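Here's the structure, in structure tokens; my notes come after.
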Amino acid sequence: MLSSNKKADSLLFITAAGWAMSTIIIKVYAESIPIFHIMFGRYFLALLMIVLFKWTEIKKIKKEDLLPGVVLGFFTFLAFTLAIWSLSHTSASKSGFLVAMSVLFVPIVTTIMNKKLPNKWVSFSVLLSIVGLYFISGMNGGSFNFGDLLALLCAASYTVYIMIMDKYAKHINESILVFLQFCVVLVLSVVGMLVFEDVQMSLLTDAWLPILVMGVFGTAITNFAQTTAQKTASPESVGLILLGEPLLTLLMAAVFLKEQILLSGLFGAALLLVALVITVLKDV
């Protein structure tokens with residue numbers, strides 16, 4: 001039987017693979033399906049799955065579970081909206097690494113909140129990341145753009161998500177927590193569709209297969225795996241998700257999307273990866 005740490009690592013790897021796959025699919029369809037339509041489709045299916053398979057646990061929901069679930073749902077919505085939006089303006093390979101910056105943001109924010117001076121590993125990781133970002137901005141032959149900024153904002157949103165989860169939600173049943181998050185994201189997606197987009201359900205029915213894959217494998221399974229893993233994993237260890245995700249995204253983007261990746265971009269990606277590895281291994 002796997003230890004709790006090994007089980008958490010396995011679940012985090014599953015999450016990384018699901019996110020990478022979703023990133024590639026979204027990149028393909030980002031120009032033809034509006035953001036909130038994508039969010040609605042994937043989270044409707046994800047919510048349906050969690051209700052079908054975990055209803056016996058969900059129906060035990062308590063009043064004190066609501067606030068953490070709603071807050072986490074909001075930051076889930078914000079992070080994934082920014083991630084999808086970024087893919088309309090930048091490459092999948094670059095977005096994967098920029099979103100992964102939340103691994104570094106967590107210890108930086110923790111250091112600031114604890115009013116401590118950053119230790120040498122934080123300082124070294126930040127320096128490596130700055131240099132890495134400089135090189136990665138030209139990964140595909142371009143420069144730092146609006147999509148890259150959106151990806152960094154996604155990383156910031158996900159940083160808040162990780163820290164809230166670690167502080168307030170570890171003792172809530174994972175099925176209930178995932179259910180509440182999905183409900184919030186679905187409601188906000190419907191609001192986004194009504195306010196910012198012309199509602200066209202045919203867009204979702206025409207793209208039912210990628211929506212199904214994102215909803216089941218890239219949303220329901222990954223969110224449940226991540227929420228379960230973070231019950232025992234530290235905030236820094238959750239960085240394993242984002243260590244695997246950019247590498248898998250880079251590989252899939254090169255193979256399936258034929259994205260051009262320059263040597264300077266690979267060098268920048270390597271520097272970022274080293275900074276992220278240091279962050280996790282040194283538990284800064």
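Please note that chains go A, B, ... in the order of the structure tokens, that every chain numbers its residues from 1, and that ligands are numbered from 1 in the order shown.
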
Problem set entry | Test item: residues at most 10 Å from A:Val99, only C-alpha atoms, excluding those fewer than 6 positions along its chain, as a PyMOL selection string | chain A and resi 79+82-83+86+148-159+242+245-246

The selected residues should be written to file as a compact mmCIF listing (two decimals), in the first residue's frame (atoms: C-alpha atoms).
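File again36.txt, as written:
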```txt
# COMPACT_ATOMS: atom_id res chain seq x y z
CA ALA A 79 -7.23 31.23 -12.36
CA LEU A 82 -6.99 33.84 -16.96
CA ALA A 83 -5.27 30.64 -18.15
CA SER A 86 -3.78 33.77 -21.98
CA ASP A 148 2.23 36.19 -20.86
CA LEU A 149 0.94 38.78 -18.38
CA LEU A 150 -2.36 36.92 -18.12
CA ALA A 151 -0.49 33.67 -17.43
CA LEU A 152 1.43 35.35 -14.59
CA LEU A 153 -1.83 36.71 -13.16
CA CYS A 154 -3.17 33.15 -13.32
CA ALA A 155 -0.15 32.01 -11.30
CA ALA A 156 -0.86 34.74 -8.73
CA SER A 157 -4.50 33.65 -8.46
CA TYR A 158 -3.52 30.04 -8.04
CA THR A 159 -1.04 31.03 -5.34
CA LEU A 242 3.39 22.73 -11.65
CA GLU A 245 2.66 20.42 -15.98
CA PRO A 246 4.96 22.82 -17.89
```

Exercise. Leaving out A:Phe217 and any residue of its chain fewer than 5 positions from it, which residues lie within 10 Å of it when counting only C-alpha atoms, given as a list in words?
Worked result: Ile14, Thr15, Ala17, Gly18, Trp19, Met21, Ser22, Arg42, Ala46, Ile211, Leu212, Thr222 and Asn223 of chain A

For this session: Looking only at alpha helix (DSSP H) from DSSP on the backbone, list the matching residues of stretch 102-158 of chain A as a VMD selection string.
Result: chain A and resid 102 to 113 120 to 136 146 to 158

Problem set entry | Distance query A:Met193 at most 8 Å, only C-alpha atoms, self and fewer than 6 positions along chain excluded, as a ChimeraX atom specification | /A:36-37,199

Would you export the selected residues with all heavy atoms as a compact mmCIF listing (two decimals), in the first residue's frame, please?
```
# COMPACT_ATOMS: atom_id res chain seq x y z
N PHE A 36 -15.94 31.69 -21.61
CA PHE A 36 -16.91 31.24 -20.61
C PHE A 36 -17.74 30.05 -21.11
O PHE A 36 -18.28 29.29 -20.31
CB PHE A 36 -17.81 32.40 -20.19
CG PHE A 36 -17.05 33.52 -19.51
CD1 PHE A 36 -17.00 34.78 -20.06
CD2 PHE A 36 -16.36 33.28 -18.33
CE1 PHE A 36 -16.28 35.80 -19.44
CE2 PHE A 36 -15.64 34.29 -17.70
CZ PHE A 36 -15.60 35.55 -18.27
N HIS A 37 -17.82 29.89 -22.43
CA HIS A 37 -18.45 28.68 -22.97
C HIS A 37 -17.60 27.45 -22.62
O HIS A 37 -18.13 26.41 -22.24
CB HIS A 37 -18.61 28.79 -24.49
CG HIS A 37 -19.80 29.57 -24.93
ND1 HIS A 37 -19.94 30.92 -24.69
CD2 HIS A 37 -20.94 29.19 -25.59
CE1 HIS A 37 -21.09 31.33 -25.19
NE2 HIS A 37 -21.72 30.30 -25.74
N VAL A 199 -24.70 33.65 -26.02
CA VAL A 199 -24.85 32.24 -25.65
C VAL A 199 -25.20 31.42 -26.90
O VAL A 199 -26.23 31.62 -27.52
CB VAL A 199 -25.94 32.06 -24.58
CG1 VAL A 199 -26.09 30.59 -24.23
CG2 VAL A 199 -25.60 32.88 -23.34
```

Exercise. Taking only C-alpha atoms into account, which of A:Leu11, A:Leu98, A:Leu133, A:Met39 comes nearest A:Gly265?
Worked result: A:Leu133

Problem set entry | Of the listed residues A:Thr279, A:Lys94, A:Leu67, A:Ser10, that which approaches A:Phe135 most closely, counting only C-alpha atoms |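 Going through A:Thr279, A:Lys94, A:Leu67, A:Ser10 one by one, the smallest distance to A:Phe135 is for A:Lys94.
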
Problem set entry | Proximity to A:Ile35 - best of A:Cys183, A:Ala269, A:Val103, A:Leu204, only C-alpha atoms |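 The closest residue to A:Ile35 is A:Leu204.
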